[in-house]
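Read the structure below first, then the notes.
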Amino acid sequence: MTTHRLAIPSVLYGLTVLLPLLSAPVARAEGEATPLIDRVRHATARYLDINVATAEGFVPATPCVSGPDTGAMGVHLVLPSRLDTVVLKPETPEALIYQPAPNGTMRLVGVEYIVLASVWESHNPAGGVPALDGNLLNLIGAPNRFGLPAFYEMHVWAWEENPRGAYADWNTHVTCEHQRDQRTN
């Protein structure tokens with residue numbers, strides 16, 4: 001009898017500790033902003049006008065990047081002076097992501113945080129992975145489709161809903177359908 005009496009309070013205690021964890025939302029509802037997305041939107045609102053981005057030194061880094069069935073990443077503009085960064089800040093993304101619109105304009109859809117693997121490793125000889133607000137960045141090895149050395153990256157779809165998740169690489173709501181032919185520019 002004594003064993004059962006001790007087991008019941010232990011189980012009840014365990015449940016009181018675990019139940020709050022089990023009831024906490026694991027993922028945000030579609031369309032619901034996270035604190036990181038809120039910070040990114042606040043910091044990048046001025047770049048809704050691509051002319052502001054280019055005036056501040058952002059330069060085209062890729063044409064519109066798309067996949068056969070995964071959506072697209074869009075056109076990336078990078079700020080070269082930020083590519084040697086080791087400490088990531090939500091307010092200062094290394095890249096802005098735009099979607100070509102039918103009328104020839106560009107619409108801001110997200111941002112990307114980038115850390116060159118060589119820069120990260122030189123500042124972190126013990127290893128580890130860079131993170132932004134608790135989110136680990138993805139390693140893109142070399143060689144890669146971008147012709148870059150190995151780098152860590154994380155997308156934040158702050159300006160376009162992404163059914164795959166706010167931090168997924170590809171966004172099925174983004175398209176390169178209206179990318180102008182680069183040979184005619």
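As shown in the structure tokens, the chain order sets the letters A, B, ...; within each chain, residues go from 1, and ligands are also counted from 1 in the order they appear.
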
Pick out each residue of range 34-167 of chain A that DSSP on the backbone tags as helix (DSSP H, G or I); I need them as JSON, numbers by chain. {"A": [35, 36, 37, 38, 39, 40, 41, 42, 43, 44, 45, 46, 47, 48, 50, 51, 52, 53, 54, 55, 80, 81, 82, 117, 118, 119, 120, 121, 122, 123]}

Output file for the residues above (N, CA and C atoms, as a tab-separated table (two decimals), in the first residue's frame):
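Output (out_12.tsv):
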```tsv
chain	number	residue	atom	x	y	z
A	35	PRO	N	7.67	37.20	-32.48
A	35	PRO	CA	8.45	38.39	-32.11
A	35	PRO	C	9.57	38.70	-33.09
A	36	LEU	N	10.23	37.66	-33.63
A	36	LEU	CA	11.29	37.87	-34.61
A	36	LEU	C	10.72	38.51	-35.87
A	37	ILE	N	9.61	38.00	-36.37
A	37	ILE	CA	9.00	38.58	-37.57
A	37	ILE	C	8.60	40.03	-37.32
A	38	ASP	N	8.06	40.31	-36.15
A	38	ASP	CA	7.69	41.69	-35.82
A	38	ASP	C	8.92	42.61	-35.87
A	39	ARG	N	10.04	42.15	-35.31
A	39	ARG	CA	11.26	42.95	-35.30
A	39	ARG	C	11.78	43.17	-36.73
A	40	VAL	N	11.74	42.11	-37.54
A	40	VAL	CA	12.21	42.20	-38.92
A	40	VAL	C	11.34	43.18	-39.71
A	41	ARG	N	10.04	43.06	-39.56
A	41	ARG	CA	9.13	43.96	-40.28
A	41	ARG	C	9.38	45.42	-39.89
A	42	HIS	N	9.54	45.66	-38.61
A	42	HIS	CA	9.79	47.03	-38.15
A	42	HIS	C	11.10	47.58	-38.73
A	43	ALA	N	12.13	46.74	-38.74
A	43	ALA	CA	13.45	47.18	-39.19
A	43	ALA	C	13.55	47.33	-40.71
A	44	THR	N	12.72	46.59	-41.45
A	44	THR	CA	12.88	46.58	-42.90
A	44	THR	C	11.74	47.27	-43.65
A	45	ALA	N	10.82	47.88	-42.97
A	45	ALA	CA	9.67	48.52	-43.63
A	45	ALA	C	10.12	49.54	-44.68
A	46	ARG	N	11.22	50.22	-44.43
A	46	ARG	CA	11.68	51.23	-45.40
A	46	ARG	C	12.10	50.60	-46.73
A	47	TYR	N	12.43	49.29	-46.70
A	47	TYR	CA	12.88	48.61	-47.92
A	47	TYR	C	11.71	48.11	-48.78
A	48	LEU	N	10.48	48.39	-48.36
A	48	LEU	CA	9.35	48.09	-49.23
A	48	LEU	C	9.56	48.80	-50.57
A	50	ILE	N	12.26	49.42	-53.09
A	50	ILE	CA	13.57	48.87	-53.44
A	50	ILE	C	14.60	49.97	-53.70
A	51	ASN	N	14.15	51.16	-54.08
A	51	ASN	CA	15.08	52.26	-54.32
A	51	ASN	C	15.79	52.68	-53.05
A	52	VAL	N	15.13	52.54	-51.91
A	52	VAL	CA	15.78	52.83	-50.63
A	52	VAL	C	16.89	51.82	-50.38
A	53	ALA	N	16.61	50.55	-50.67
A	53	ALA	CA	17.62	49.50	-50.48
A	53	ALA	C	18.85	49.75	-51.33
A	54	THR	N	18.65	50.06	-52.61
A	54	THR	CA	19.81	50.29	-53.48
A	54	THR	C	20.55	51.57	-53.08
A	55	ALA	N	19.83	52.59	-52.62
A	55	ALA	CA	20.48	53.82	-52.17
A	55	ALA	C	21.34	53.57	-50.93
A	80	PRO	N	27.00	44.08	-49.10
A	80	PRO	CA	28.31	43.43	-48.97
A	80	PRO	C	29.02	43.69	-47.64
A	81	SER	N	28.87	44.87	-47.08
A	81	SER	CA	29.57	45.19	-45.83
A	81	SER	C	29.09	44.34	-44.66
A	82	ARG	N	27.93	43.70	-44.79
A	82	ARG	CA	27.41	42.86	-43.70
A	82	ARG	C	27.84	41.39	-43.83
A	117	ALA	N	30.80	30.58	-43.71
A	117	ALA	CA	31.30	29.53	-42.82
A	117	ALA	C	32.73	29.83	-42.37
A	118	SER	N	33.57	30.34	-43.27
A	118	SER	CA	34.96	30.63	-42.91
A	118	SER	C	35.03	31.74	-41.85
A	119	VAL	N	34.17	32.73	-41.95
A	119	VAL	CA	34.13	33.81	-40.97
A	119	VAL	C	33.66	33.26	-39.62
A	120	TRP	N	32.61	32.45	-39.65
A	120	TRP	CA	32.09	31.87	-38.41
A	120	TRP	C	33.16	31.01	-37.73
A	121	GLU	N	33.80	30.13	-38.51
A	121	GLU	CA	34.79	29.22	-37.95
A	121	GLU	C	36.00	29.95	-37.40
A	122	SER	N	36.40	31.06	-38.03
A	122	SER	CA	37.56	31.79	-37.52
A	122	SER	C	37.26	32.47	-36.17
A	123	HIS	N	36.00	32.77	-35.91
A	123	HIS	CA	35.61	33.39	-34.64
A	123	HIS	C	35.10	32.37	-33.62
```

Which residues are close to Leu148 in chain A, i.e. within 12 Å by only C-alpha atoms, leaving aside same-chain residues fewer than 4 positions away? Reply as a PyMOL selection string. chain A and resi 61-62+83+114-118+140-144+152

Report as a list in words: the residues of range 73-134 of chain A with a DSSP assignment of strand (DSSP E), based on the backbone of this structure.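 Those in range 73-134 of chain A that DSSP calls strand (DSSP E) are Met73, Gly74, Val75, His76, Leu77, Val78, Ala95, Leu96, Ile97, Tyr98, Gln99, Pro100, Met106, Arg107, Leu108, Val109, Gly110, Val111, Glu112, Tyr113, Ile114, Val115, Leu116, Ala131 and Leu132 of chain A.
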
I need the residues from that last selection saved to file as a CSV table (one decimal), in the first residue's frame (with N, CA and C atoms), if you can.
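Written file, out30.csv:
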```csv
chain,number,residue,atom,x,y,z
A,73,MET,N,12.5,31.5,-53.9
A,73,MET,CA,13.2,32.3,-52.9
A,73,MET,C,13.1,33.8,-53.3
A,74,GLY,N,13.0,34.1,-54.6
A,74,GLY,CA,12.9,35.5,-55.0
A,74,GLY,C,14.3,36.0,-55.4
A,75,VAL,N,14.4,37.3,-55.7
A,75,VAL,CA,15.6,38.0,-56.0
A,75,VAL,C,16.3,38.5,-54.8
A,76,HIS,N,17.5,38.1,-54.6
A,76,HIS,CA,18.3,38.5,-53.4
A,76,HIS,C,19.1,39.8,-53.6
A,77,LEU,N,19.0,40.8,-52.8
A,77,LEU,CA,19.9,41.9,-52.8
A,77,LEU,C,20.7,41.8,-51.5
A,78,VAL,N,22.0,41.9,-51.6
A,78,VAL,CA,22.8,41.8,-50.4
A,78,VAL,C,23.5,43.1,-50.1
A,95,ALA,N,20.7,40.2,-46.4
A,95,ALA,CA,20.0,40.2,-47.7
A,95,ALA,C,18.5,40.5,-47.6
A,96,LEU,N,18.0,41.2,-48.6
A,96,LEU,CA,16.6,41.5,-48.8
A,96,LEU,C,16.1,40.6,-49.9
A,97,ILE,N,14.9,40.1,-49.8
A,97,ILE,CA,14.4,39.2,-50.9
A,97,ILE,C,13.1,39.9,-51.5
A,98,TYR,N,13.2,40.0,-52.8
A,98,TYR,CA,12.1,40.6,-53.6
A,98,TYR,C,11.5,39.7,-54.6
A,99,GLN,N,10.2,39.8,-54.8
A,99,GLN,CA,9.5,39.1,-55.9
A,99,GLN,C,9.2,40.0,-57.0
A,100,PRO,N,9.6,39.6,-58.3
A,100,PRO,CA,9.2,40.4,-59.4
A,100,PRO,C,7.7,40.4,-59.6
A,106,MET,N,9.4,45.5,-58.0
A,106,MET,CA,9.8,44.5,-57.1
A,106,MET,C,9.1,44.6,-55.8
A,107,ARG,N,8.6,43.5,-55.2
A,107,ARG,CA,7.9,43.6,-53.9
A,107,ARG,C,8.7,42.8,-52.9
A,108,LEU,N,9.0,43.5,-51.8
A,108,LEU,CA,9.7,42.9,-50.7
A,108,LEU,C,8.9,41.7,-50.1
A,109,VAL,N,9.5,40.5,-50.0
A,109,VAL,CA,8.8,39.4,-49.4
A,109,VAL,C,9.4,38.8,-48.2
A,110,GLY,N,10.7,39.1,-48.0
A,110,GLY,CA,11.4,38.5,-46.9
A,110,GLY,C,12.9,39.0,-46.8
A,111,VAL,N,13.6,38.4,-45.9
A,111,VAL,CA,15.0,38.7,-45.7
A,111,VAL,C,15.8,37.4,-45.5
A,112,GLU,N,17.1,37.6,-45.6
A,112,GLU,CA,17.9,36.4,-45.3
A,112,GLU,C,19.1,36.8,-44.4
A,113,TYR,N,19.4,36.0,-43.5
A,113,TYR,CA,20.6,36.2,-42.6
A,113,TYR,C,21.7,35.3,-43.1
A,114,ILE,N,22.9,35.8,-43.3
A,114,ILE,CA,24.0,35.0,-43.9
A,114,ILE,C,25.2,35.2,-43.1
A,115,VAL,N,25.9,34.1,-42.8
A,115,VAL,CA,27.2,34.1,-42.2
A,115,VAL,C,28.1,33.2,-43.0
A,116,LEU,N,29.2,33.7,-43.6
A,116,LEU,CA,30.1,32.8,-44.3
A,116,LEU,C,30.7,31.8,-43.3
A,131,ALA,N,23.1,31.2,-34.7
A,131,ALA,CA,21.7,31.2,-34.5
A,131,ALA,C,21.2,32.7,-34.4
A,132,LEU,N,19.9,32.8,-34.7
A,132,LEU,CA,19.3,34.1,-34.6
A,132,LEU,C,18.0,33.9,-33.8
```

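The space between CA of Thr175 in chain A and CA of Pro102 in chain A spans 10.8 Å.
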